[in-house]
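Trainee: Next up, model.txt (compact mmCIF, C-alpha atoms).
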```txt
# COMPACT_ATOMS: atom_id res chain seq x y z
CA MET C 288 106.16 134.10 12.67
CA ILE C 289 108.76 134.29 9.88
CA ASN C 290 111.49 134.54 12.50
CA ASN C 291 110.15 131.41 14.21
CA ILE C 292 110.22 129.47 10.92
CA GLN C 293 113.75 130.64 10.23
CA GLN C 294 114.85 129.56 13.69
CA GLN C 295 113.23 126.15 13.23
CA VAL C 296 114.96 125.67 9.87
CA LYS C 297 118.31 126.72 11.34
CA GLY C 298 117.74 124.37 14.26
CA PHE C 299 117.02 121.46 11.91
CA ILE C 300 120.16 122.18 9.86
CA LYS C 301 122.23 122.34 13.03
CA ARG C 302 120.83 119.01 14.25
CA TYR C 303 121.41 117.49 10.80
CA ARG C 304 125.05 118.59 10.75
CA GLY C 305 125.61 117.11 14.16
CA ASN C 306 123.79 113.83 13.47
CA ILE C 307 126.19 111.32 11.89
CA PHE C 308 123.38 108.85 11.13
CA LEU C 309 121.25 111.39 9.23
CA LYS C 310 124.21 112.70 7.24
CA ARG C 311 125.31 109.21 6.26
CA LEU C 312 121.75 108.08 5.53
CA SER C 313 121.00 111.04 3.28
CA THR C 314 124.17 110.44 1.28
CA VAL C 315 123.56 106.71 0.85
CA LEU C 316 119.83 107.14 0.32
CA ILE C 317 120.34 109.56 -2.56
CA ILE C 318 122.54 106.98 -4.28
CA ASP C 319 120.08 104.11 -3.81
CA ILE C 320 117.12 106.23 -4.88
CA PHE C 321 119.02 107.11 -8.03
CA VAL C 322 119.71 103.40 -8.61
CA LYS C 323 116.04 102.49 -8.19
CA LEU C 324 114.87 105.50 -10.18
CA SER C 325 117.02 104.43 -13.11
CA GLY C 326 115.36 101.02 -12.92
CA PHE C 327 111.91 102.59 -13.03
CA VAL C 328 112.75 104.87 -15.91
CA LEU C 329 114.08 101.93 -17.90
CA LEU C 330 111.44 99.38 -16.84
CA PRO C 331 109.09 100.14 -19.79
CA VAL C 332 112.09 99.74 -22.12
CA PHE C 333 112.87 96.27 -20.76
CA LEU C 334 109.19 95.29 -20.94
CA ARG C 335 109.21 96.07 -24.66
CA LEU C 336 112.64 94.66 -25.52
CA MET C 337 111.78 91.35 -23.81
CA THR C 338 108.75 89.12 -24.21
CA GLN C 339 106.60 88.44 -21.17
CA GLU C 340 108.08 84.92 -20.91
CA GLU C 341 111.66 86.24 -21.15
CA PHE C 342 110.98 88.92 -18.53
CA GLY C 343 109.55 86.30 -16.16
CA LEU C 344 112.40 83.83 -16.78
CA TYR C 345 115.12 86.45 -16.34
CA ASN C 346 113.73 87.63 -13.01
CA TYR C 347 113.21 84.06 -11.80
CA ILE C 348 116.90 83.28 -12.49
CA LEU C 349 117.85 86.57 -10.83
CA SER C 350 115.92 85.53 -7.72
CA ILE C 351 117.80 82.22 -7.67
CA LEU C 352 121.16 84.02 -7.96
CA ASN C 353 120.40 86.57 -5.25
CA THR C 354 118.99 83.95 -2.91
CA PHE C 355 121.82 81.43 -3.23
CA SER C 356 124.50 84.14 -3.07
CA LEU C 357 123.34 84.90 0.48
CA VAL C 358 124.11 81.28 1.38
CA LEU C 359 127.42 81.01 -0.45
CA ASN C 360 128.98 84.04 1.24
CA PHE C 361 128.81 81.82 4.36
CA GLY C 362 127.64 84.71 6.52
CA LEU C 363 131.14 86.23 6.45
CA TYR C 364 129.75 89.73 5.98
CA ILE C 365 128.57 89.60 9.59
CA PRO C 366 132.02 89.14 11.21
CA LEU C 367 133.35 91.77 8.80
CA THR C 368 130.83 94.30 10.14
CA LYS C 369 131.27 93.14 13.74
CA PHE C 370 135.06 92.70 14.02
CA TYR C 371 136.05 95.64 11.85
CA HIS C 372 134.93 98.08 14.54
CA ASP C 373 136.43 96.07 17.42
CA SER C 374 139.89 97.38 16.58
CA LYS C 375 141.15 100.78 15.43
CA ASP C 376 144.58 99.43 14.49
CA PRO C 377 145.04 99.49 10.65
CA TRP C 378 147.30 96.40 10.83
CA GLU C 379 144.67 94.37 12.69
CA ARG C 380 141.94 95.53 10.31
CA GLY C 381 144.11 94.70 7.31
CA LYS C 382 144.74 91.20 8.66
CA LEU C 383 140.99 90.77 9.21
CA LEU C 384 140.21 91.81 5.62
CA TYR C 385 142.83 89.45 4.19
CA THR C 386 141.75 86.51 6.37
CA LEU C 387 138.07 86.92 5.54
CA SER C 388 138.78 87.27 1.81
CA VAL C 389 140.93 84.13 1.69
CA THR C 390 138.39 82.22 3.79
CA LEU C 391 135.59 83.22 1.41
CA VAL C 392 137.51 82.13 -1.70
CA ILE C 393 138.53 78.78 -0.18
CA THR C 394 135.04 77.91 1.05
CA MET C 395 133.45 78.95 -2.25
CA CYS C 396 135.88 76.81 -4.24
CA ALA C 397 135.27 73.86 -1.94
CA VAL C 398 131.55 74.05 -2.70
CA LEU C 399 131.23 75.31 -6.27
CA ILE C 400 133.99 73.34 -8.04
CA PRO C 401 132.63 69.88 -7.06
CA LEU C 402 129.10 71.14 -7.72
CA TYR C 403 130.05 72.13 -11.28
CA LEU C 404 132.31 69.17 -12.14
CA LEU C 405 129.93 66.54 -10.75
CA LYS C 406 126.96 68.29 -12.43
CA ILE C 407 125.00 68.36 -9.19
CA ASP C 408 123.49 71.65 -10.37
CA TYR C 409 121.36 69.75 -12.88
CA TRP C 410 119.47 68.22 -9.96
CA PHE C 411 118.77 71.69 -8.56
CA ILE C 412 117.53 72.91 -11.94
CA LYS C 413 115.23 69.93 -12.24
CA LEU C 414 113.82 70.81 -8.83
CA LEU C 415 113.54 74.57 -9.42
CA PHE C 416 112.11 74.55 -12.94
CA GLN C 417 108.83 72.91 -13.87
CA ASN C 418 108.56 74.84 -17.15
CA PRO C 419 111.06 73.91 -19.90
CA ILE C 420 114.42 75.75 -20.01
CA ASP C 421 117.55 75.17 -22.11
CA TYR C 422 119.79 75.03 -19.04
CA GLN C 423 122.89 74.01 -20.98
CA SER C 424 122.94 77.44 -22.65
CA TYR C 425 122.53 79.15 -19.26
CA ARG C 426 124.82 76.98 -17.14
CA PHE C 427 128.14 78.83 -17.40
CA VAL C 428 126.62 82.31 -17.18
CA ILE C 429 124.64 81.30 -14.07
CA PHE C 430 127.78 80.12 -12.26
CA PHE C 431 129.68 83.20 -13.39
CA SER C 432 126.82 85.48 -12.33
CA LEU C 433 126.71 83.78 -8.93
CA LEU C 434 130.40 84.52 -8.35
CA ALA C 435 130.02 88.13 -9.49
CA THR C 436 127.02 88.61 -7.18
CA ILE C 437 128.84 87.25 -4.12
CA PHE C 438 132.04 89.22 -4.72
CA SER C 439 130.17 92.45 -5.42
CA PHE C 440 128.08 92.03 -2.26
CA MET C 441 131.14 91.47 -0.06
CA LEU C 442 132.99 94.44 -1.58
CA THR C 443 130.00 96.71 -1.04
CA ASN C 444 129.69 95.44 2.53
CA TYR C 445 133.33 96.36 3.15
CA PHE C 446 132.77 99.89 1.82
CA TYR C 447 129.84 100.32 4.20
CA SER C 448 131.68 98.79 7.17
CA ALA C 449 134.69 101.01 6.55
CA GLU C 450 132.30 103.95 6.04
CA ARG C 451 133.89 104.79 2.69
CA ILE C 452 130.81 106.56 1.36
CA GLY C 453 132.66 108.22 -1.53
CA LEU C 454 133.64 104.84 -2.97
CA ILE C 455 130.07 103.56 -2.58
CA LYS C 456 128.84 106.49 -4.65
CA LYS C 457 131.40 105.93 -7.40
CA TYR C 458 130.84 102.15 -7.45
CA ASN C 459 127.06 102.40 -7.71
CA PHE C 460 127.07 105.19 -10.29
CA ALA C 461 129.48 103.21 -12.45
CA ARG C 462 127.23 100.15 -12.22
CA ILE C 463 124.11 102.11 -13.10
CA ILE C 464 125.55 103.82 -16.14
CA ALA C 465 127.69 101.02 -17.60
CA ILE C 466 125.27 98.12 -17.02
CA ASN C 467 122.12 99.87 -18.26
CA ILE C 468 123.68 101.39 -21.39
CA ILE C 469 125.43 98.19 -22.49
CA VAL C 470 122.57 95.82 -21.59
CA ILE C 471 119.91 97.87 -23.41
CA SER C 472 122.16 98.12 -26.46
CA ALA C 473 122.74 94.36 -26.39
CA LEU C 474 119.01 93.60 -26.09
CA TYR C 475 118.26 95.91 -29.01
CA PHE C 476 120.94 94.73 -31.42
CA ILE C 477 121.49 91.06 -30.54
CA PRO C 478 118.75 88.62 -31.63
CA GLY C 479 117.82 85.44 -29.78
CA ASP C 480 117.14 84.67 -26.13
CA LYS C 481 116.88 88.08 -24.45
CA ALA C 482 116.92 86.62 -20.93
CA ASN C 483 120.29 84.96 -21.57
CA THR C 484 121.64 88.07 -23.29
CA ARG C 485 120.66 90.29 -20.39
CA LEU C 486 122.30 87.93 -17.88
CA ILE C 487 125.56 87.71 -19.85
CA PHE C 488 126.07 91.44 -20.30
CA THR C 489 124.79 92.44 -16.84
CA TYR C 490 127.24 90.24 -14.94
CA ALA C 491 130.14 90.67 -17.35
CA ILE C 492 130.05 94.42 -16.63
CA GLU C 493 129.42 93.74 -12.93
CA PHE C 494 132.55 91.60 -12.72
CA ILE C 495 134.71 94.11 -14.63
CA LEU C 496 133.67 96.91 -12.27
CA PHE C 497 134.26 94.66 -9.25
CA CYS C 498 137.83 94.01 -10.42
CA PHE C 499 138.42 97.74 -10.85
CA PHE C 500 137.14 98.72 -7.39
CA LEU C 501 138.69 95.70 -5.67
CA ARG C 502 142.01 97.56 -5.54
CA PHE C 503 140.64 99.82 -2.79
CA LEU C 504 140.10 96.75 -0.61
CA VAL C 505 143.42 95.11 -1.52
CA LYS C 506 145.33 98.28 -0.53
CA LYS C 507 144.00 97.95 3.02
CA MET C 508 144.85 94.25 3.36
CA VAL C 509 147.74 92.92 5.40
CA PRO C 510 148.77 89.54 3.88
CA ARG C 511 148.67 87.62 7.13
CA PHE C 512 146.20 84.76 7.50
CA ASP C 513 144.92 84.43 11.06
CA LYS C 514 143.46 80.98 11.68
CA ASP C 515 141.72 82.10 14.88
CA ILE C 516 139.93 84.92 13.04
CA ALA C 517 138.90 82.51 10.27
CA VAL C 518 137.49 79.96 12.71
CA LYS C 519 135.74 82.60 14.81
CA SER C 520 134.28 84.21 11.67
CA LEU C 521 132.98 80.91 10.30
CA LYS C 522 131.42 80.10 13.68
CA MET C 523 129.69 83.48 13.75
CA GLY C 524 128.67 83.26 10.12
CA PHE C 525 127.43 79.66 10.23
CA PRO C 526 124.08 80.44 11.90
CA ILE C 527 123.64 83.31 9.44
CA MET C 528 124.31 80.88 6.57
CA LEU C 529 121.75 78.46 8.01
CA SER C 530 119.32 81.34 8.24
CA ALA C 531 120.04 82.17 4.59
CA ILE C 532 119.32 78.55 3.65
CA MET C 533 116.02 78.87 5.42
CA GLY C 534 115.61 82.23 3.72
CA ILE C 535 115.67 80.35 0.42
CA VAL C 536 112.48 78.67 1.53
CA ILE C 537 110.96 81.78 3.06
CA ASN C 538 111.81 84.28 0.33
CA PHE C 539 111.77 81.94 -2.64
CA SER C 540 108.88 79.58 -1.97
CA ASP C 541 106.31 81.99 -3.46
CA LYS C 542 108.27 82.17 -6.75
CA PHE C 543 109.00 78.43 -6.68
CA PHE C 544 105.36 77.36 -6.36
CA LEU C 545 104.22 80.07 -8.76
CA GLU C 546 106.62 78.71 -11.40
CA ARG C 547 105.46 75.16 -10.64
CA TYR C 548 101.72 75.82 -10.76
CA GLY C 549 101.81 78.70 -13.23
CA ASP C 550 104.09 79.79 -16.05
CA PHE C 551 106.62 82.50 -16.87
CA ARG C 552 103.81 84.90 -17.79
CA ALA C 553 102.41 84.66 -14.27
CA LEU C 554 105.93 85.15 -12.94
CA SER C 555 106.37 88.24 -15.13
CA GLN C 556 103.36 89.91 -13.49
CA TYR C 557 104.49 88.92 -10.03
CA TYR C 558 108.01 90.20 -10.61
CA LEU C 559 106.75 93.46 -12.06
CA ALA C 560 104.76 93.99 -8.86
CA LEU C 561 107.86 93.10 -6.84
CA SER C 562 109.87 95.68 -8.84
CA PHE C 563 107.55 98.42 -7.62
CA ALA C 564 107.19 97.08 -4.08
CA GLY C 565 110.98 96.60 -3.99
CA ILE C 566 111.49 100.33 -3.57
CA ILE C 567 110.80 99.94 0.14
CA PRO C 568 113.51 97.29 0.77
CA VAL C 569 115.96 99.34 -1.30
CA ILE C 570 115.34 102.40 0.87
CA PHE C 571 115.57 100.27 4.00
CA ALA C 572 118.90 98.80 2.81
CA SER C 573 120.24 102.36 2.81
CA VAL C 574 118.92 102.87 6.33
CA GLN C 575 120.42 99.57 7.48
CA ASN C 576 123.80 100.27 5.92
CA ALA C 577 123.94 103.67 7.58
CA TRP C 578 122.46 102.44 10.87
CA LEU C 579 124.33 99.15 11.47
CA PRO C 580 127.85 100.55 12.10
CA ILE C 581 126.41 103.11 14.52
CA PHE C 582 124.24 100.43 16.14
CA MET C 583 127.22 98.10 16.67
CA LYS C 584 129.38 100.89 18.12
CA GLU C 585 126.79 101.81 20.78
CA LYS C 586 127.57 99.73 23.90
CA ASP C 587 124.92 101.35 26.10
CA LEU C 588 121.93 99.01 25.70
CA LYS C 589 119.54 101.49 27.26
CA LEU C 590 120.39 104.16 24.73
CA ASN C 591 120.47 101.63 21.89
CA LEU C 592 116.97 100.37 22.65
CA THR C 593 115.58 103.87 22.80
CA LYS C 594 117.09 104.83 19.46
CA THR C 595 115.90 101.58 17.86
CA SER C 596 112.34 102.08 19.06
CA GLN C 597 112.26 105.62 17.68
CA LEU C 598 113.72 104.53 14.33
CA PHE C 599 111.23 101.66 14.06
CA LYS C 600 108.21 103.93 14.53
CA LYS C 601 109.46 106.60 12.15
CA LEU C 602 110.26 104.05 9.44
CA PHE C 603 106.78 102.55 9.69
CA ILE C 604 105.17 105.93 9.04
CA VAL C 605 107.58 106.80 6.22
CA PHE C 606 107.21 103.41 4.52
CA THR C 607 103.41 103.63 4.67
CA CYS C 608 103.48 106.99 2.89
CA ILE C 609 105.93 105.66 0.30
CA ALA C 610 103.72 102.60 -0.31
CA ILE C 611 100.72 104.80 -1.12
CA ALA C 612 102.83 106.88 -3.50
CA ILE C 613 104.16 103.75 -5.25
CA TRP C 614 100.69 102.36 -5.89
CA LEU C 615 99.52 105.70 -7.29
CA LEU C 616 102.61 105.76 -9.53
CA PHE C 617 101.89 102.30 -10.92
CA PHE C 618 98.22 103.14 -11.47
CA THR C 619 99.21 106.26 -13.42
CA LEU C 620 101.74 104.40 -15.58
CA PHE C 621 99.23 101.64 -16.28
CA GLN C 622 96.39 103.99 -17.16
CA THR C 623 98.60 106.00 -19.53
CA GLY C 624 99.76 102.85 -21.33
CA ILE C 625 103.41 103.14 -20.28
CA ILE C 626 102.95 99.79 -18.55
CA PRO C 627 101.38 97.37 -21.12
CA SER C 628 97.83 96.18 -20.48
CA LYS C 629 98.94 92.52 -20.31
CA TYR C 630 100.30 93.31 -16.83
CA ASP C 631 96.83 94.19 -15.46
CA GLY C 632 97.06 91.68 -12.60
CA VAL C 633 99.78 93.77 -10.94
CA ALA C 634 97.25 96.39 -9.81
CA TYR C 635 95.59 93.87 -7.46
CA ILE C 636 98.64 92.21 -5.90
CA LEU C 637 100.81 95.32 -5.56
CA PRO C 638 99.04 96.66 -2.40
CA VAL C 639 99.55 93.31 -0.67
CA LEU C 640 103.23 93.17 -1.64
CA LEU C 641 103.75 96.75 -0.47
CA VAL C 642 102.44 95.86 2.99
CA THR C 643 104.58 92.71 2.91
CA ASN C 644 107.72 94.70 2.18
CA ILE C 645 106.99 97.18 4.95
CA PHE C 646 106.97 94.34 7.51
CA ALA C 647 109.94 92.58 5.86
CA SER C 648 112.00 95.77 5.91
CA LEU C 649 111.29 96.49 9.57
CA THR C 650 112.27 92.98 10.72
CA PRO C 651 116.09 93.44 10.40
CA ILE C 652 115.89 96.44 12.74
CA LEU C 653 115.03 93.91 15.43
CA SER C 654 117.20 91.03 14.20
CA ASN C 655 120.27 93.26 14.54
CA TYR C 656 120.05 92.59 18.27
CA LEU C 657 120.81 88.91 17.76
CA ILE C 658 124.20 89.98 16.40
CA TYR C 659 124.49 92.61 19.13
CA PHE C 660 123.92 89.97 21.86
CA GLN C 661 125.99 87.40 19.86
CA LYS C 662 123.09 84.98 19.76
CA THR C 663 122.96 84.40 16.02
CA TYR C 664 121.91 80.76 16.54
CA ILE C 665 118.42 82.08 17.32
CA VAL C 666 118.20 83.26 13.71
CA SER C 667 118.35 79.63 12.57
CA VAL C 668 115.70 78.46 15.04
CA THR C 669 113.38 81.30 14.07
CA GLY C 670 114.00 80.70 10.39
CA LEU C 671 113.06 77.04 10.72
CA PHE C 672 109.63 77.92 12.08
CA VAL C 673 108.97 80.56 9.43
CA CYS C 674 110.13 78.10 6.75
CA VAL C 675 107.27 75.81 7.67
CA VAL C 676 104.79 78.70 7.64
CA SER C 677 106.06 79.90 4.27
CA LEU C 678 106.01 76.47 2.63
CA LEU C 679 102.53 75.60 3.81
CA SER C 680 100.99 78.96 2.94
CA SER C 681 102.68 79.06 -0.49
CA TYR C 682 101.63 75.51 -1.33
CA PHE C 683 97.99 75.90 -0.38
CA PHE C 684 97.34 79.48 -1.55
CA ILE C 685 99.26 79.48 -4.85
CA ARG C 686 97.61 76.28 -6.06
CA ARG C 687 94.24 77.95 -5.62
CA TRP C 688 94.79 81.63 -6.42
CA ASN C 689 98.01 81.77 -8.47
CA ILE C 690 99.72 85.22 -8.21
CA TYR C 691 97.15 86.41 -5.65
CA GLY C 692 97.93 83.38 -3.48
CA ALA C 693 101.66 84.10 -3.83
CA ALA C 694 101.18 87.64 -2.57
CA LEU C 695 99.11 86.43 0.40
CA ALA C 696 101.66 83.73 1.31
CA SER C 697 104.46 86.28 1.22
CA LEU C 698 102.52 88.59 3.54
CA ILE C 699 101.89 85.80 6.07
CA SER C 700 105.60 84.92 6.19
CA SER C 701 106.71 88.53 6.69
CA VAL C 702 104.23 89.20 9.48
CA SER C 703 105.25 85.96 11.22
CA TYR C 704 108.94 86.89 11.08
CA LEU C 705 108.37 90.37 12.49
CA LEU C 706 106.23 89.19 15.39
CA ILE C 707 108.62 86.40 16.36
CA TYR C 708 111.66 88.68 16.35
CA TYR C 709 109.80 91.28 18.39
CA ILE C 710 109.00 88.71 21.10
CA ILE C 711 112.55 87.29 21.13
CA VAL C 712 114.35 90.64 21.23
CA LYS C 713 112.06 91.99 23.91
CA SER C 714 112.77 88.89 26.02
CA LEU C 715 116.55 89.15 25.54
CA ALA C 716 116.54 92.84 26.40
CA GLN C 717 114.51 92.29 29.56
CA LYS C 718 116.86 89.51 30.73
CA TYR C 719 119.86 91.74 30.20
CA LEU C 720 118.24 94.66 31.99
CA LEU C 721 117.29 92.38 34.87
CA HIS C 722 120.99 91.71 35.48
CA ASN C 723 121.82 95.38 34.84
CA PRO C 724 119.35 97.35 37.00
CA ASN C 725 120.88 100.69 36.01
CA SER C 726 119.40 100.24 32.50
CA LYS C 727 115.61 100.26 32.66
CA THR C 728 114.56 100.85 29.06
CA THR C 729 112.53 98.15 27.31
CA LEU C 730 111.29 97.74 23.78
CA THR C 731 107.80 99.10 23.23
```
Translate this structure into structure tokens?
Mentor:
Amino acid sequence: MINNIQQQVKGFIKRYRGNIFLKRLSTVLIIDIFVKLSGFVLLPVFLRLMTQEEFGLYNYILSILNTFSLVLNFGLYIPLTKFYHDSKDPWERGKLLYTLSVTLVITMCAVLIPLYLLKIDYWFIKLLFQNPIDYQSYRFVIFFSLLATIFSFMLTNYFYSAERIGLIKKYNFARIIAINIIVISALYFIPGDKANTRLIFTYAIEFILFCFFLRFLVKKMVPRFDKDIAVKSLKMGFPIMLSAIMGIVINFSDKFFLERYGDFRALSQYYLALSFAGIIPVIFASVQNAWLPIFMKEKDLKLNLTKTSQLFKKLFIVFTCIAIAIWLLFFTLFQTGIIPSKYDGVAYILPVLLVTNIFASLTPILSNYLIYFQKTYIVSVTGLFVCVVSLLSSYFFIRRWNIYGAALASLISSVSYLLIYYIIVKSLAQKYLLHNPNSKTTLT
């Protein structure tokens, strides 16, 4: 019996060493778990250094930054991931990196400079904030934070696309250590608006670290701007950008209506629940980052579909187990007083948000095929439908049940997205297989 166990262990190790996906996933996953773990360890500290209103306001602004940054990168991370692996020539890859970087800077300037100078952002703030906020004191730091978020996201995406795992580890560890130490010190020693203070120091350090690690990208660039690559990239990224615009409605409508019909205290409870439920998307992001380059390289649709189906089922089981563990963790922290009693509403909405994040995390596994088949326009059409579902459910449920309605609306949107993508991808795969009778695998 002992010999059998030893053989099984040796067999697993051998399979692990030969499986590129598992090796890459384990490396990236350890980093992201460490990132999220540091957030959990420090969460009680932030809850005590910030008032409930400040905690809710800070996270609401953070949601705005993260949501709009996905629009203002113009979907250029998609052609980076797609085209980078189409050529093995360092010169061609360097030209791609330079062209995409210049294109991003030009398009961002064309949008953000008029927006700032003409003060169009004041109209957005009036729309997004029902509760009073001294926007003038936040204005510059919000624009600066938006730039830092976009640049950091694109740099990280390059590291993943180029499979430079060592740099990802160094970049993330530096962000964890520097940002947390300096931000906590600033919150402790500097009086005044803690939400503003946390934003300023978080993104100042973020930008400094971005500038330091940017040199690894610049070294690989070839300073040749290719107009054809730029046009092709913008065409590929445009549907993704439209999808991100719709994602503002889908992913932000629950927070928007909760701020409108509630207050920053209600938002603080909702965001605390999202912090716990957010472990699942963080883990999935590691899976996606490790999976996507391998997924794009595989040209055999039959084999790709089989692998995707297996990954989907395994992730569902793993995420369900993680969700149960997360709820037990919150319950323990709340009962022991580590989480203050004023956040008691989290215990009731957390299970719903955990289920929501399971479905939301599984959806990109299917949506990858729209990039694979180069039919990214379907993302926009799908997003439009889910936008309507999200808006209606958020409006009706949040007005009646506040944070509980927000959790329910978020669940409805996530389930709708997953089901629609399943139907679309299954249809696309079947059409392809119909014209390629040698490949008979279908999604199940």
Trainee: Using all atoms listed in the file, find the one residue out of C:Ser681, C:Ser520, C:Asn353, C:Thr436 that sits nearest to Leu387 of chain C.
Mentor: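 Of all the options, C:Ser520 lies closest to Leu387 of chain C.
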Trainee: Around (131.9, 88.6, 6.5) in the file's frame, which residues reach within 9 Å when counting only C-alpha atoms? Return as a PyMOL selection string?
Mentor: chain C and resi 360-369+384+387-388+391+441+444-445+520-521+524
Trainee: For segment 652-661 of chain C, list every protein, DNA or RNA residue within 7 Å, evaluated using all atoms listed in the file, and leave out those in the same chain fewer than 5 positions away; present the list as a list in words.
Mentor: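 Close residues of segment 652-661 of chain C: Met583, Tyr708, Tyr709 and Val712 of chain C.
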Trainee: Go ahead and write the residues just picked, C-alpha atoms, as a short mmCIF file (atom, residue, chain, number, x, y, z; two decimals), in the coordinates of the input.
Mentor:
```
data_model
loop_
_atom_site.label_atom_id
_atom_site.label_comp_id
_atom_site.auth_asym_id
_atom_site.auth_seq_id
_atom_site.Cartn_x
_atom_site.Cartn_y
_atom_site.Cartn_z
CA MET C 583 127.22 98.10 16.67
CA TYR C 708 111.66 88.68 16.35
CA TYR C 709 109.80 91.28 18.39
CA VAL C 712 114.35 90.64 21.23
#
```
Trainee: If we count all atoms listed in the file, what is near segment 478-483 of chain C at a cut-off of 6 Å, once residues fewer than 3 positions away on the same chain are taken out, given as a short mmCIF file (atom, residue, chain, number, x, y, z; two decimals) with C-alpha atoms, in the frame of the given file?
Mentor:
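In the end it all went to out-v8.cif:
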```cif
data_model
loop_
_atom_site.label_atom_id
_atom_site.label_comp_id
_atom_site.auth_asym_id
_atom_site.auth_seq_id
_atom_site.Cartn_x
_atom_site.Cartn_y
_atom_site.Cartn_z
CA GLU C 341 111.66 86.24 -21.15
CA TYR C 345 115.12 86.45 -16.34
CA LEU C 486 122.30 87.93 -17.88
#
```
Trainee: From the list C:Gly534, C:Ile567, C:Thr650, C:Leu504, which residue is nearest Val673 of chain C when using all atoms listed in the file?
Mentor: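 Closest to Val673 of chain C, using all atoms listed in the file: C:Gly534.
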Trainee: What is the atom CA of Ile455 of chain C-atom CA of Lys382 of chain C distance in Å, reported with one decimal?
Mentor: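 Value for the atom CA of Ile455 of chain C-atom CA of Lys382 of chain C distance: 22.2 Å.
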Trainee: Restricting the calculation to all atoms listed in the file: of C:Gly624, C:Pro651, C:Pro526, C:Pro568, which residue gets closest to Val668 of chain C?
Mentor: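 Under the stated criterion, the closest residue is C:Pro526.
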Trainee: Give me the residues near Met533 of chain C as a ChimeraX atom specification, where near means some atom within 9 Å (using all atoms listed in the file) and where sequence neighbours in that chain fewer than 2 positions away do not count.
Mentor: /C:528-531,535-538,667,670-671,673-674
Trainee: Scan for residues within 10 Å of the point (127.5, 93.3, -10.9) in the coordinates of the file, using all atoms listed in the file, and reply as a list of chain:residue names.
Mentor: C:Ser432, C:Leu433, C:Leu434, C:Ala435, C:Thr436, C:Ile437, C:Phe438, C:Ser439, C:Phe440, C:Asn459, C:Arg462, C:Ile463, C:Ile466, C:Phe488, C:Thr489, C:Tyr490, C:Ala491, C:Ile492, C:Glu493, C:Phe494, C:Ile495, C:Leu496, C:Phe497
Trainee: Take the residues from that selection and write them out as a PDB file, in the coordinates of the input, keeping C-alpha atoms.
Mentor:
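Now in out25.pdb:
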```pdb
ATOM      1  CA  SER C 432     126.820  85.480 -12.330  1.00  0.00           C
ATOM      2  CA  LEU C 433     126.710  83.780  -8.930  1.00  0.00           C
ATOM      3  CA  LEU C 434     130.400  84.520  -8.350  1.00  0.00           C
ATOM      4  CA  ALA C 435     130.020  88.130  -9.490  1.00  0.00           C
ATOM      5  CA  THR C 436     127.020  88.610  -7.180  1.00  0.00           C
ATOM      6  CA  ILE C 437     128.840  87.250  -4.120  1.00  0.00           C
ATOM      7  CA  PHE C 438     132.040  89.220  -4.720  1.00  0.00           C
ATOM      8  CA  SER C 439     130.170  92.450  -5.420  1.00  0.00           C
ATOM      9  CA  PHE C 440     128.080  92.030  -2.260  1.00  0.00           C
ATOM     10  CA  ASN C 459     127.060 102.400  -7.710  1.00  0.00           C
ATOM     11  CA  ARG C 462     127.230 100.150 -12.220  1.00  0.00           C
ATOM     12  CA  ILE C 463     124.110 102.110 -13.100  1.00  0.00           C
ATOM     13  CA  ILE C 466     125.270  98.120 -17.020  1.00  0.00           C
ATOM     14  CA  PHE C 488     126.070  91.440 -20.300  1.00  0.00           C
ATOM     15  CA  THR C 489     124.790  92.440 -16.840  1.00  0.00           C
ATOM     16  CA  TYR C 490     127.240  90.240 -14.940  1.00  0.00           C
ATOM     17  CA  ALA C 491     130.140  90.670 -17.350  1.00  0.00           C
ATOM     18  CA  ILE C 492     130.050  94.420 -16.630  1.00  0.00           C
ATOM     19  CA  GLU C 493     129.420  93.740 -12.930  1.00  0.00           C
ATOM     20  CA  PHE C 494     132.550  91.600 -12.720  1.00  0.00           C
ATOM     21  CA  ILE C 495     134.710  94.110 -14.630  1.00  0.00           C
ATOM     22  CA  LEU C 496     133.670  96.910 -12.270  1.00  0.00           C
ATOM     23  CA  PHE C 497     134.260  94.660  -9.250  1.00  0.00           C
TER      24      PHE C 497
END
```
Trainee: When distances are computed from all atoms listed in the file, which of C:Ala449, C:Ile699, C:Ala634, C:Leu334 shows the smallest separation from Phe503 of chain C?
Mentor: C:Ala449
Trainee: Using all atoms listed in the file, which residue out of C:Ile609, C:Ile469, C:Val639, C:Val428 lies closest to Leu349 of chain C?
Mentor: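 For Leu349 of chain C, the nearest of the given residues is C:Val428.
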Trainee: To one decimal place in Å, what is the distance between atom CA of Leu405 of chain C and atom CA of Cys498 of chain C?
Mentor: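 Going from atom CA of Leu405 of chain C over to atom CA of Cys498 of chain C, I get 28.6 Å.
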Trainee: Of the candidates C:Thr443, C:Thr394, C:Ser356, C:Ser573, which shows the shortest atom-to-atom distance to Phe500 of chain C, using all atoms listed in the file?
Mentor: C:Thr443
